[in-house]
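What follows is one structure encoded as structure tokens, with my remarks underneath.
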Amino acid sequence: MYYLLHISLGKPQQIDWNKINSNTVIDVISLQNTSQSNLSSVVAQVGNGNNADLTISSKTSIIIQQLGDQNSIYFNNAFTEKETKAAVTVQGYNNVVDITGSNSVSDGMQINVKADNKTVFVRNY
């Protein structure tokens, strides 16, 4: 099962859904991110039972990629006034990434989890 959610605060893009599959999804996401200068967020999920719970401010640009089954990502930076960019990639089964807050240290943060049954907590205050 494949899901792609693209939230853009700028000009929307056309996506040819017939050309997207598990082999091309990462390329599609990369192309979107390099061609946009405005803030945007992209969530791509390939697998079953994946969850992405994002509570973000309008100044947040985040890329979420989940490849596998039963993975969960929780990202909350709804109360920040600063522009924030982050990327989270999870590959495997039954992983959890829980991120709360944003600050200058976490701006540009990239988290890559390639495992099964792992939990990552990130707290930025």
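To be explicit about the labels: the chains of the structure tokens are called A, B, and onward in the order shown, and within each one the residues are counted from 1, while ligands get numbers from 1 in the order they are shown.
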
Non-local contacts of Ile99 (chain A) (7 Å; only C-alpha atoms; under 3 positions in same chain excluded) as a ChimeraX atom specification: /A:74-76,121-123

For the interface of region 96-122 of chain A with region 59-62 of chain A (cut-off 10 Å, counting only C-alpha atoms), please tabulate each contacting residue of region 96-122 of chain A alongside its nearest pair of atoms and their separation in Å to one decimal, rows sorted by chain and increasing number, as a Markdown table.
```
| residue | atom | partner | partner_atom | distance |
| --- | --- | --- | --- | --- |
| A:Ser102 | CA | A:Thr60 | CA | 9.5 |
| A:Asp107 | CA | A:Thr60 | CA | 9.8 |
| A:Gly108 | CA | A:Ile62 | CA | 9.3 |
| A:Met109 | CA | A:Ile62 | CA | 9.7 |
| A:Gln110 | CA | A:Ile62 | CA | 9.7 |
```

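Distances to Val105 (chain A) were evaluated for A:Thr119, A:Gln45, A:Tyr125, A:Val88 using only C-alpha atoms, and the minimum falls at A:Tyr125.
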